[in-house]
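J.: What follows is the file coords22.cif, containing mmCIF, C-alpha atoms:
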```
data_input
loop_
_atom_site.group_PDB
_atom_site.id
_atom_site.type_symbol
_atom_site.label_atom_id
_atom_site.label_comp_id
_atom_site.auth_asym_id
_atom_site.auth_seq_id
_atom_site.Cartn_x
_atom_site.Cartn_y
_atom_site.Cartn_z
ATOM 1 C CA MET N 1 -31.077 -10.970 75.933
ATOM 2 C CA VAL N 2 -32.091 -14.633 75.634
ATOM 3 C CA SER N 3 -34.324 -14.707 78.719
ATOM 4 C CA GLY N 4 -38.115 -14.726 78.427
ATOM 5 C CA THR N 5 -40.411 -16.157 75.789
ATOM 6 C CA GLN N 6 -42.170 -12.920 74.806
ATOM 7 C CA ARG N 7 -41.155 -11.523 71.437
ATOM 8 C CA LYS N 8 -38.274 -9.045 71.351
ATOM 9 C CA TYR N 9 -36.831 -6.952 68.535
ATOM 10 C CA TYR N 10 -33.137 -6.075 68.278
ATOM 11 C CA MET N 11 -31.927 -3.503 65.747
ATOM 12 C CA LEU N 12 -28.188 -3.373 65.099
ATOM 13 C CA GLY N 13 -26.837 -0.265 63.407
ATOM 14 C CA GLY N 14 -23.954 2.110 63.029
ATOM 15 C CA LYS N 15 -21.367 3.431 60.599
ATOM 16 C CA GLY N 16 -20.742 1.496 57.389
ATOM 17 C CA GLY N 17 -18.022 -1.159 57.563
ATOM 18 C CA VAL N 18 -17.991 -1.737 61.331
ATOM 19 C CA GLY N 19 -19.325 -5.307 61.206
ATOM 20 C CA LYS N 20 -23.062 -4.785 61.770
ATOM 21 C CA THR N 21 -24.044 -7.774 59.631
ATOM 22 C CA SER N 22 -21.650 -10.174 61.369
ATOM 23 C CA CYS N 23 -22.853 -8.996 64.778
ATOM 24 C CA ALA N 24 -26.528 -9.238 63.780
ATOM 25 C CA ALA N 25 -26.132 -12.670 62.195
ATOM 26 C CA SER N 26 -24.132 -14.010 65.160
ATOM 27 C CA LEU N 27 -26.790 -12.691 67.571
ATOM 28 C CA ALA N 28 -29.502 -14.423 65.524
ATOM 29 C CA VAL N 29 -27.575 -17.709 65.644
ATOM 30 C CA LYS N 30 -27.079 -17.266 69.390
ATOM 31 C CA PHE N 31 -30.831 -16.806 69.913
ATOM 32 C CA ALA N 32 -31.656 -19.842 67.759
ATOM 33 C CA ASN N 33 -29.160 -22.007 69.620
ATOM 34 C CA ASN N 34 -30.755 -20.922 72.903
ATOM 35 C CA GLY N 35 -34.184 -22.167 71.901
ATOM 36 C CA HIS N 36 -35.688 -19.071 70.263
ATOM 37 C CA PRO N 37 -37.310 -19.384 66.835
ATOM 38 C CA THR N 38 -35.538 -16.412 65.256
ATOM 39 C CA LEU N 39 -35.803 -14.196 62.190
ATOM 40 C CA VAL N 40 -32.952 -11.988 60.995
ATOM 41 C CA VAL N 41 -33.918 -9.202 58.584
ATOM 42 C CA SER N 42 -31.686 -7.010 56.427
ATOM 43 C CA THR N 43 -33.046 -3.497 55.834
ATOM 44 C CA ASP N 44 -29.880 -2.413 54.008
ATOM 45 C CA PRO N 45 -30.458 -1.992 50.232
ATOM 46 C CA ALA N 46 -26.919 -3.406 49.801
ATOM 47 C CA HIS N 47 -27.520 -6.733 51.534
ATOM 48 C CA SER N 48 -24.716 -8.767 53.139
ATOM 49 C CA LEU N 49 -26.681 -11.477 54.977
ATOM 50 C CA SER N 50 -26.247 -13.987 52.144
ATOM 51 C CA ASP N 51 -22.474 -13.495 52.311
ATOM 52 C CA SER N 52 -22.468 -13.704 56.090
ATOM 53 C CA PHE N 53 -24.412 -16.983 56.204
ATOM 54 C CA ALA N 54 -22.720 -18.330 53.033
ATOM 55 C CA GLN N 55 -26.191 -19.104 51.723
ATOM 56 C CA ASP N 56 -28.458 -17.582 49.076
ATOM 57 C CA LEU N 57 -31.062 -15.552 50.989
ATOM 58 C CA THR N 58 -32.178 -13.289 48.129
ATOM 59 C CA GLY N 59 -35.698 -12.907 46.772
ATOM 60 C CA GLY N 60 -37.426 -10.888 49.466
ATOM 61 C CA THR N 61 -38.976 -13.965 51.116
ATOM 62 C CA LEU N 62 -38.328 -16.010 54.267
ATOM 63 C CA VAL N 63 -35.455 -18.452 53.768
ATOM 64 C CA PRO N 64 -34.537 -21.119 56.362
ATOM 65 C CA VAL N 65 -30.923 -20.962 57.536
ATOM 66 C CA GLU N 66 -29.219 -24.323 57.801
ATOM 67 C CA GLY N 67 -27.363 -25.230 60.970
ATOM 68 C CA PRO N 68 -28.798 -23.729 64.200
ATOM 69 C CA ILE N 69 -30.718 -25.839 66.755
ATOM 70 C CA SER N 70 -33.995 -23.875 66.717
ATOM 71 C CA PRO N 71 -35.581 -22.509 63.535
ATOM 72 C CA LEU N 72 -33.670 -19.577 62.093
ATOM 73 C CA PHE N 73 -34.992 -17.746 59.036
ATOM 74 C CA ALA N 74 -33.520 -14.828 57.109
ATOM 75 C CA LEU N 75 -35.173 -12.133 55.016
ATOM 76 C CA GLU N 76 -33.457 -9.650 52.715
ATOM 77 C CA ILE N 77 -36.002 -6.921 51.942
ATOM 78 C CA ASN N 78 -36.008 -6.364 48.183
ATOM 79 C CA PRO N 79 -35.540 -2.651 47.266
ATOM 80 C CA GLU N 80 -36.808 -3.121 43.705
ATOM 81 C CA LYS N 81 -39.937 -4.805 45.004
ATOM 82 C CA ALA N 82 -40.376 -1.873 47.389
ATOM 83 C CA ARG N 83 -40.118 0.655 44.561
ATOM 84 C CA GLU N 84 -42.652 -1.278 42.482
ATOM 85 C CA GLU N 85 -45.115 -1.413 45.386
ATOM 86 C CA PHE N 86 -44.721 2.307 46.055
ATOM 87 C CA ARG N 87 -45.287 3.122 42.380
ATOM 88 C CA SER N 88 -48.359 0.871 42.434
ATOM 89 C CA ALA N 89 -49.720 2.706 45.476
ATOM 90 C CA SER N 90 -49.061 6.084 43.851
ATOM 91 C CA GLN N 91 -50.313 5.400 40.337
ATOM 92 C CA LYS N 92 -53.789 6.191 39.042
ATOM 93 C CA ASN N 93 -56.111 3.270 39.529
ATOM 94 C CA GLY N 94 -59.543 4.156 38.250
ATOM 95 C CA GLY N 95 -59.309 7.452 40.097
ATOM 96 C CA SER N 96 -58.827 5.772 43.487
ATOM 97 C CA GLY N 97 -55.019 5.880 43.800
ATOM 98 C CA VAL N 98 -53.298 7.887 46.530
ATOM 99 C CA LYS N 99 -51.503 10.035 43.950
ATOM 100 C CA ASP N 100 -54.775 10.701 42.128
ATOM 101 C CA PHE N 101 -56.316 11.817 45.418
ATOM 102 C CA MET N 102 -53.391 14.170 46.083
ATOM 103 C CA ASP N 103 -53.473 15.461 42.487
ATOM 104 C CA GLY N 104 -57.110 16.408 43.027
ATOM 105 C CA MET N 105 -56.036 18.747 45.825
ATOM 106 C CA GLY N 106 -53.059 20.145 43.946
ATOM 107 C CA LEU N 107 -50.688 18.079 46.110
ATOM 108 C CA GLY N 108 -49.468 15.696 43.422
ATOM 109 C CA MET N 109 -46.001 17.217 43.713
ATOM 110 C CA ILE N 110 -45.680 15.761 47.233
ATOM 111 C CA ALA N 111 -46.314 12.239 45.959
ATOM 112 C CA ASP N 112 -43.731 12.756 43.206
ATOM 113 C CA GLN N 113 -41.192 14.018 45.739
ATOM 114 C CA LEU N 114 -41.760 10.988 47.972
ATOM 115 C CA GLY N 115 -40.889 8.756 45.046
ATOM 116 C CA GLU N 116 -37.807 10.800 44.152
ATOM 117 C CA LEU N 117 -36.575 10.615 47.759
ATOM 118 C CA LYS N 118 -36.806 6.806 47.539
ATOM 119 C CA LEU N 119 -39.018 6.767 50.605
ATOM 120 C CA GLY N 120 -40.740 3.805 48.966
ATOM 121 C CA GLU N 121 -37.857 1.604 50.123
ATOM 122 C CA LEU N 122 -38.180 2.874 53.693
ATOM 123 C CA LEU N 123 -41.955 2.599 53.591
ATOM 124 C CA ASP N 124 -41.722 -1.002 52.413
ATOM 125 C CA THR N 125 -39.443 -1.774 55.354
ATOM 126 C CA LEU N 126 -41.945 -0.248 57.769
ATOM 127 C CA LEU N 127 -44.838 -2.158 56.209
ATOM 128 C CA GLN N 128 -42.732 -5.312 56.534
ATOM 129 C CA VAL N 129 -42.409 -4.573 60.257
ATOM 130 C CA ILE N 130 -46.215 -4.328 60.397
ATOM 131 C CA GLN N 131 -46.364 -7.804 58.869
ATOM 132 C CA PHE N 132 -44.282 -9.056 61.804
ATOM 133 C CA LEU N 133 -46.999 -7.703 64.093
ATOM 134 C CA GLU N 134 -50.081 -8.761 62.121
ATOM 135 C CA SER N 135 -49.309 -11.790 59.942
ATOM 136 C CA GLN N 136 -49.657 -15.344 61.247
ATOM 137 C CA GLU N 137 -46.644 -16.257 59.118
ATOM 138 C CA TYR N 138 -44.421 -14.581 61.720
ATOM 139 C CA ASN N 139 -46.213 -15.712 64.893
ATOM 140 C CA MET N 140 -43.626 -18.398 65.641
ATOM 141 C CA PHE N 141 -40.698 -16.000 66.070
ATOM 142 C CA THR N 142 -39.768 -14.913 69.601
ATOM 143 C CA ARG N 143 -36.683 -12.969 68.456
ATOM 144 C CA ILE N 144 -36.429 -10.698 65.404
ATOM 145 C CA VAL N 145 -33.013 -9.193 64.640
ATOM 146 C CA PHE N 146 -32.603 -6.294 62.185
ATOM 147 C CA ASP N 147 -29.356 -5.814 60.294
ATOM 148 C CA THR N 148 -29.880 -2.148 59.450
ATOM 149 C CA ALA N 149 -28.355 0.095 56.791
ATOM 150 C CA PRO N 150 -25.597 2.613 57.643
ATOM 151 C CA THR N 151 -26.485 5.423 60.044
ATOM 152 C CA GLY N 152 -28.139 8.003 57.761
ATOM 153 C CA HIS N 153 -30.494 5.541 56.057
ATOM 154 C CA THR N 154 -31.498 4.001 59.384
ATOM 155 C CA LEU N 155 -32.241 7.363 61.005
ATOM 156 C CA ARG N 156 -34.506 8.260 58.072
ATOM 157 C CA LEU N 157 -36.248 4.919 58.553
ATOM 158 C CA LEU N 158 -36.822 5.539 62.271
ATOM 159 C CA SER N 159 -38.097 9.096 61.726
ATOM 160 C CA LEU N 160 -40.397 8.179 58.813
ATOM 161 C CA PRO N 161 -43.419 7.134 60.955
ATOM 162 C CA ASP N 162 -43.546 10.599 62.552
ATOM 163 C CA PHE N 163 -43.105 12.282 59.175
ATOM 164 C CA LEU N 164 -45.868 10.255 57.525
ATOM 165 C CA ASP N 165 -48.198 10.611 60.504
ATOM 166 C CA ALA N 166 -47.880 14.399 60.391
ATOM 167 C CA SER N 167 -48.013 14.640 56.584
ATOM 168 C CA ILE N 168 -51.026 12.371 56.147
ATOM 169 C CA GLY N 169 -52.800 14.144 59.000
ATOM 170 C CA LYS N 170 -52.341 17.506 57.269
ATOM 171 C CA ILE N 171 -53.534 16.114 53.928
ATOM 172 C CA LEU N 172 -56.680 14.604 55.451
ATOM 173 C CA LYS N 173 -57.477 17.765 57.424
ATOM 174 C CA LEU N 174 -57.053 19.847 54.274
ATOM 175 C CA ARG N 175 -59.404 17.539 52.409
ATOM 176 C CA GLN N 176 -62.036 17.843 55.133
ATOM 177 C CA LYS N 177 -61.870 21.645 55.070
ATOM 178 C CA ILE N 178 -62.184 21.855 51.317
ATOM 179 C CA SER N 179 -64.937 19.219 51.165
ATOM 180 C CA ALA N 180 -66.974 21.144 53.736
ATOM 181 C CA ALA N 181 -66.796 24.393 51.767
ATOM 182 C CA THR N 182 -69.096 24.207 48.740
ATOM 183 C CA SER N 183 -70.269 21.686 46.169
ATOM 184 C CA ALA N 184 -68.369 23.655 43.541
ATOM 185 C CA ILE N 185 -65.119 23.043 45.360
ATOM 186 C CA LYS N 186 -66.105 19.425 45.909
ATOM 187 C CA SER N 187 -66.152 18.946 42.168
ATOM 188 C CA VAL N 188 -62.367 19.349 42.216
ATOM 189 C CA PHE N 189 -62.186 15.876 43.753
ATOM 190 C CA GLY N 190 -64.158 14.165 40.972
ATOM 191 C CA GLN N 191 -66.241 11.270 42.253
ATOM 192 C CA GLU N 192 -66.623 11.585 45.996
ATOM 193 C CA GLU N 193 -66.659 7.813 46.517
ATOM 194 C CA THR N 194 -63.306 7.203 44.833
ATOM 195 C CA GLN N 195 -61.739 10.091 46.728
ATOM 196 C CA GLN N 196 -63.083 8.643 49.991
ATOM 197 C CA ASN N 197 -61.414 5.317 49.096
ATOM 198 C CA ALA N 198 -58.101 7.120 48.700
ATOM 199 C CA ALA N 199 -58.636 8.942 52.002
ATOM 200 C CA ASP N 200 -59.383 5.622 53.712
ATOM 201 C CA LYS N 201 -56.133 4.192 52.338
ATOM 202 C CA LEU N 202 -54.190 7.148 53.693
ATOM 203 C CA GLU N 203 -55.863 6.855 57.090
ATOM 204 C CA LYS N 204 -55.077 3.135 57.244
ATOM 205 C CA LEU N 205 -51.461 3.842 56.318
ATOM 206 C CA ARG N 206 -51.319 6.470 59.041
ATOM 207 C CA GLU N 207 -52.651 4.017 61.639
ATOM 208 C CA ARG N 208 -50.019 1.490 60.615
ATOM 209 C CA MET N 209 -47.246 4.065 60.925
ATOM 210 C CA ILE N 210 -48.411 4.853 64.458
ATOM 211 C CA LYS N 211 -48.160 1.127 65.289
ATOM 212 C CA VAL N 212 -44.594 0.988 63.967
ATOM 213 C CA ARG N 213 -43.642 4.150 65.876
ATOM 214 C CA GLU N 214 -44.973 2.650 69.108
ATOM 215 C CA LEU N 215 -43.019 -0.546 68.464
ATOM 216 C CA PHE N 216 -39.762 1.345 67.854
ATOM 217 C CA ARG N 217 -40.221 3.156 71.188
ATOM 218 C CA ASP N 218 -41.367 0.192 73.295
ATOM 219 C CA THR N 219 -38.700 -0.302 75.972
ATOM 220 C CA ASN N 220 -40.076 -3.740 76.876
ATOM 221 C CA SER N 221 -39.806 -5.292 73.426
ATOM 222 C CA THR N 222 -37.335 -3.232 71.372
ATOM 223 C CA GLU N 223 -33.655 -2.370 71.684
ATOM 224 C CA PHE N 224 -31.260 -0.643 69.299
ATOM 225 C CA VAL N 225 -27.679 -1.923 69.628
ATOM 226 C CA ILE N 226 -25.012 0.428 68.283
ATOM 227 C CA VAL N 227 -22.055 -1.285 66.580
ATOM 228 C CA THR N 228 -18.792 0.609 66.154
ATOM 229 C CA ILE N 229 -15.025 0.145 65.911
ATOM 230 C CA PRO N 230 -12.315 1.753 68.072
ATOM 231 C CA THR N 231 -11.479 4.743 65.854
ATOM 232 C CA VAL N 232 -12.101 8.416 66.554
ATOM 233 C CA MET N 233 -14.316 8.811 63.470
ATOM 234 C CA ALA N 234 -16.478 5.774 64.260
ATOM 235 C CA ILE N 235 -16.884 6.677 67.938
ATOM 236 C CA SER N 236 -17.855 10.248 67.027
ATOM 237 C CA GLU N 237 -20.537 8.984 64.622
ATOM 238 C CA SER N 238 -21.782 6.513 67.242
ATOM 239 C CA SER N 239 -22.206 9.376 69.691
ATOM 240 C CA ARG N 240 -24.279 11.337 67.167
ATOM 241 C CA LEU N 241 -26.316 8.210 66.377
ATOM 242 C CA CYS N 242 -27.054 7.647 70.061
ATOM 243 C CA ALA N 243 -28.205 11.259 70.453
ATOM 244 C CA SER N 244 -30.490 10.909 67.419
ATOM 245 C CA LEU N 245 -31.941 7.627 68.702
ATOM 246 C CA ARG N 246 -32.753 9.208 72.049
ATOM 247 C CA LYS N 247 -34.349 12.149 70.259
ATOM 248 C CA GLU N 248 -36.613 9.623 68.475
ATOM 249 C CA SER N 249 -37.246 7.889 71.858
ATOM 250 C CA VAL N 250 -35.742 4.623 70.562
ATOM 251 C CA PRO N 251 -34.391 2.473 73.438
ATOM 252 C CA VAL N 252 -30.608 2.046 73.262
ATOM 253 C CA LYS N 253 -28.660 0.232 75.971
ATOM 254 C CA ARG N 254 -25.619 -1.478 74.425
ATOM 255 C CA LEU N 255 -22.565 -0.452 72.424
ATOM 256 C CA VAL N 256 -20.569 -3.167 70.640
ATOM 257 C CA VAL N 257 -16.986 -2.085 69.950
ATOM 258 C CA ASN N 258 -15.802 -4.440 67.226
ATOM 259 C CA GLN N 259 -12.347 -5.333 65.868
ATOM 260 C CA ILE N 260 -10.372 -4.705 69.060
ATOM 261 C CA LEU N 261 -6.825 -6.034 68.910
ATOM 262 C CA PRO N 262 -6.488 -9.033 71.252
ATOM 263 C CA PRO N 263 -3.869 -9.035 74.048
ATOM 264 C CA SER N 264 -0.326 -9.849 72.939
ATOM 265 C CA ALA N 265 2.943 -10.403 74.805
ATOM 266 C CA SER N 266 4.867 -8.652 72.037
ATOM 267 C CA ASP N 267 3.785 -6.142 69.423
ATOM 268 C CA CYS N 268 5.307 -5.136 66.132
ATOM 269 C CA LYS N 269 5.566 -1.380 65.524
ATOM 270 C CA PHE N 270 2.327 -1.358 63.513
ATOM 271 C CA CYS N 271 0.383 -3.271 66.186
ATOM 272 C CA ALA N 272 1.767 -1.064 68.960
ATOM 273 C CA MET N 273 0.610 2.089 67.153
ATOM 274 C CA LYS N 274 -2.754 0.523 66.354
ATOM 275 C CA ARG N 275 -3.273 -0.511 69.970
ATOM 276 C CA LYS N 276 -2.417 3.034 71.104
ATOM 277 C CA ASP N 277 -4.997 4.491 68.689
ATOM 278 C CA GLN N 278 -7.636 2.020 69.869
ATOM 279 C CA ALA N 279 -6.939 2.853 73.515
ATOM 280 C CA ARG N 280 -7.473 6.546 72.740
ATOM 281 C CA ALA N 281 -10.780 5.762 71.011
ATOM 282 C CA LEU N 282 -11.941 3.603 73.926
ATOM 283 C CA GLY N 283 -11.073 6.475 76.239
ATOM 284 C CA MET N 284 -13.349 8.731 74.184
ATOM 285 C CA ILE N 285 -16.259 6.404 74.964
ATOM 286 C CA GLN N 286 -15.728 6.747 78.716
ATOM 287 C CA ASN N 287 -15.780 10.556 78.448
ATOM 288 C CA ASP N 288 -18.589 10.934 75.930
ATOM 289 C CA PRO N 289 -21.850 12.189 77.507
ATOM 290 C CA GLU N 290 -24.011 10.342 74.975
ATOM 291 C CA ILE N 291 -22.503 6.844 74.996
ATOM 292 C CA SER N 292 -20.566 6.549 78.267
ATOM 293 C CA SER N 293 -23.681 5.232 80.041
ATOM 294 C CA LEU N 294 -24.208 2.394 77.532
ATOM 295 C CA THR N 295 -23.152 -1.159 78.373
ATOM 296 C CA MET N 296 -19.979 -1.640 76.317
ATOM 297 C CA ILE N 297 -19.317 -5.026 74.697
ATOM 298 C CA GLN N 298 -15.785 -5.477 73.365
ATOM 299 C CA ALA N 299 -15.499 -7.784 70.342
ATOM 300 C CA PRO N 300 -11.971 -8.810 69.361
ATOM 301 C CA LEU N 301 -10.469 -8.732 65.897
ATOM 302 C CA VAL N 302 -10.332 -12.423 64.951
ATOM 303 C CA ASP N 303 -7.900 -14.177 62.644
ATOM 304 C CA VAL N 304 -10.557 -15.918 60.541
ATOM 305 C CA GLU N 305 -13.244 -14.625 58.193
ATOM 306 C CA ILE N 306 -16.658 -14.754 59.878
ATOM 307 C CA ARG N 307 -18.708 -16.544 57.235
ATOM 308 C CA GLY N 308 -21.161 -19.395 57.675
ATOM 309 C CA VAL N 309 -23.076 -20.616 60.725
ATOM 310 C CA PRO N 310 -20.087 -22.280 62.520
ATOM 311 C CA ALA N 311 -18.030 -19.075 62.281
ATOM 312 C CA LEU N 312 -21.017 -16.972 63.370
ATOM 313 C CA GLN N 313 -21.550 -19.284 66.355
ATOM 314 C CA PHE N 314 -17.857 -18.851 67.215
ATOM 315 C CA LEU N 315 -18.190 -15.053 67.077
ATOM 316 C CA GLY N 316 -21.482 -15.097 68.975
ATOM 317 C CA ASP N 317 -19.953 -17.080 71.839
ATOM 318 C CA ILE N 318 -17.297 -14.367 72.183
ATOM 319 C CA VAL N 319 -19.482 -11.288 71.764
ATOM 320 C CA TRP N 320 -22.879 -12.272 73.184
ATOM 321 C CA LYS N 321 -21.787 -13.876 76.463
#
```
Please, can you express the file's structure as structure tokens?
T.:
Amino acid sequence: MVSGTQRKYYMLGGKGGVGKTSCAASLAVKFANNGHPTLVVSTDPAHSLSDSFAQDLTGGTLVPVEGPISPLFALEINPEKAREEFRSASQKNGGSGVKDFMDGMGLGMIADQLGELKLGELLDTLLQVIQFLESQEYNMFTRIVFDTAPTGHTLRLLSLPDFLDASIGKILKLRQKISAATSAIKSVFGQEETQQNAADKLEKLRERMIKVRELFRDTNSTEFVIVTIPTVMAISESSRLCASLRKESVPVKRLVVNQILPPSASDCKFCAMKRKDQARALGMIQNDPEISSLTMIQAPLVDVEIRGVPALQFLGDIVWK
């Protein structure tokens, strides 16, 4: 994972409460300590990176993390900022806004529904990924680690490029058909120039979504790492997540099983029962058709809270060998 100087993206995801943030942050520290200028990004609306690094990383901007050898920066994507930007893109702006364009075709309801579904947050995350590809501000980073939201939110994020590509394509095709009909129908759109501006914005957005989709599916530069814990419920969800990722053609190779009880010469009754339950869950992995082929990384339950760069380095040395 640390070899090579070309940029690589690692997305860590799974069920809520399995330790995704600790694993993502420890991987970012590991990369930085192995000479990679690294960025760790939280796409979860309920951010935990600040708690994990014991440092204020809020504000939706790049913040340097203190401690690692190579540069390490963190970014918590701001959901409120995302909502504001989506509203700005959807509002009427001299007749040239995307929503105004869709209203002109009787499709304003779609724009309203997008806002109600809070796709603005997901869209902002995707546009942020585009910034990683296009902006010089991010050129220095050779490793970008995503601390993703729990499973459902992340799957919506990964499927959004396809959804927007198809939806925008249908809207633009519909506009072309109506525009080609008669001048009377053209009058529905108001000023042709402003409607063309809106169409151009939609086309540009569509092109960007295609770029993000290609990045998510690039086996040479992108990998989704599933994080789970050794319980039947968590393993079952991880199996469904893996199936969904493969359906979206997202590369997935590794499964981190977190919070495994370490070996002990003697167990209390509680620990003995817990170890038995964990062994059953680990057995499920070996027999599961979706996740049995993944490289399994076992991360032990540790007796200290993983908070701050030294603790994250400690965890990273155990997990990311």
J.: Leaving out Asn258 in chain N and any residue of its chain fewer than 5 positions from it, which residues lie within 8 Å of it when counting only C-alpha atoms, given as a PyMOL selection string?
T.: chain N and resi 18-19+227-230+298-301
J.: Work out how far apart CA of Arg208 in chain N and CA of Thr43 in chain N are and give it in Å to one decimal.
T.: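 Distance between the two atoms: 18.3 Å.
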J.: Find the residues with any atom within 12 Å of (-39.0, -9.1, 68.4); use all atoms listed in the file and the coordinates as given in the file, and write the answer as a VMD selection string.
T.: chain N and resid 1 to 2 4 to 11 28 31 36 to 41 129 to 130 132 to 133 138 to 146 215 to 216 218 to 224
J.: Of the candidates N:Leu160, N:Met284, N:Ala74, N:Ala234, which one gets nearest to Gln259 in chain N if we count only C-alpha atoms?
T.: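 The closest residue to Gln259 in chain N is N:Ala234.
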J.: May I have the residues within 9 Å of Ile297 in chain N as number ranges by chain, using all atoms listed in the file and disregarding those fewer than 5 positions away in the same chain?
T.: N: 254-258, 319-320
J.: Quick one: write out the picked residues with C-alpha atoms as a CSV table (one decimal), keeping the file's coordinate frame?
T.:
```
chain,number,residue,atom,x,y,z
N,254,ARG,CA,-25.6,-1.5,74.4
N,255,LEU,CA,-22.6,-0.5,72.4
N,256,VAL,CA,-20.6,-3.2,70.6
N,257,VAL,CA,-17.0,-2.1,70.0
N,258,ASN,CA,-15.8,-4.4,67.2
N,319,VAL,CA,-19.5,-11.3,71.8
N,320,TRP,CA,-22.9,-12.3,73.2
```
J.: In Å, rounded to a single decimal, give me how far CA of Asn78 in chain N is from CA of Ser48 in chain N.
T.: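 Between CA of Ser48 in chain N and CA of Asn78 in chain N the gap is 12.6 Å.
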J.: Could you please give me, as a ChimeraX atom specification, the residues of protein, DNA or RNA lying at most 10 Å from (-22.6, 9.2, 65.4) in the coordinate frame of the file, considering all atoms listed in the file?
T.: /N:14-15,151-152,226,228,233-244,290-291
J.: To one decimal place in Å, what is the distance between CA of Arg275 in chain N and CA of Asn287 in chain N?
T.: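 Here the two named atoms are 18.7 Å from each other.
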J.: So, with all atoms listed in the file as the atoms that count, which of N:Ile168, N:Val65, N:Leu158, N:Val302 lies closest to Ser50 in chain N?
T.: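 Nearest to Ser50 in chain N: N:Val65.
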J.: Box in all listed atoms of range 43-58 of chain N, axis-aligned, with 3 Å more on each side; write out centre and edge lengths in Å to one decimal as lines of an AutoDock Vina configuration file.
T.:
```
center_x = -27.8
center_y = -10.5
center_z = 52.2
size_x = 16.6
size_y = 23.1
size_z = 14.1
```
J.: With all atoms listed in the file as the counted atoms, please give the residues lying no more than 10 Å from Arg213 in chain N, apart from itself and same-chain residues fewer than 4 positions off, as a ChimeraX atom specification.
T.: /N:126,158-162,165,207-209,217-218,248-250
J.: Quick one: range 263-278 of chain N with N, CA and C atoms, as a compact mmCIF listing (two decimals), in the coordinates of the input?
T.:
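For reference, part.txt as written:
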```txt
# COMPACT_ATOMS: atom_id res chain seq x y z
N PRO N 263 -5.11 -9.20 73.28
CA PRO N 263 -3.87 -9.04 74.05
C PRO N 263 -2.71 -9.78 73.40
N SER N 264 -1.51 -9.22 73.53
CA SER N 264 -0.33 -9.85 72.94
C SER N 264 0.87 -9.56 73.82
N ALA N 265 1.74 -10.58 73.98
CA ALA N 265 2.94 -10.40 74.81
C ALA N 265 3.95 -9.50 74.10
N SER N 266 3.93 -9.50 72.78
CA SER N 266 4.87 -8.65 72.04
C SER N 266 4.16 -8.08 70.83
N ASP N 267 4.40 -6.83 70.54
CA ASP N 267 3.78 -6.14 69.42
C ASP N 267 4.84 -5.69 68.42
N CYS N 268 4.50 -5.80 67.15
CA CYS N 268 5.31 -5.14 66.13
C CYS N 268 5.01 -3.64 66.21
N LYS N 269 5.74 -2.83 65.47
CA LYS N 269 5.57 -1.38 65.52
C LYS N 269 4.15 -0.99 65.08
N PHE N 270 3.67 -1.66 64.02
CA PHE N 270 2.33 -1.36 63.51
C PHE N 270 1.26 -1.67 64.57
N CYS N 271 1.37 -2.87 65.18
CA CYS N 271 0.38 -3.27 66.19
C CYS N 271 0.43 -2.36 67.41
N ALA N 272 1.62 -1.95 67.80
CA ALA N 272 1.77 -1.06 68.96
C ALA N 272 1.07 0.28 68.70
N MET N 273 1.26 0.83 67.50
CA MET N 273 0.61 2.09 67.15
C MET N 273 -0.91 1.91 67.07
N LYS N 274 -1.32 0.79 66.49
CA LYS N 274 -2.75 0.52 66.35
C LYS N 274 -3.40 0.39 67.72
N ARG N 275 -2.74 -0.31 68.62
CA ARG N 275 -3.27 -0.51 69.97
C ARG N 275 -3.38 0.84 70.71
N LYS N 276 -2.40 1.72 70.49
CA LYS N 276 -2.42 3.03 71.10
C LYS N 276 -3.61 3.85 70.59
N ASP N 277 -3.85 3.78 69.28
CA ASP N 277 -5.00 4.49 68.69
C ASP N 277 -6.32 3.96 69.23
N GLN N 278 -6.41 2.62 69.36
CA GLN N 278 -7.64 2.02 69.87
C GLN N 278 -7.88 2.41 71.32
```
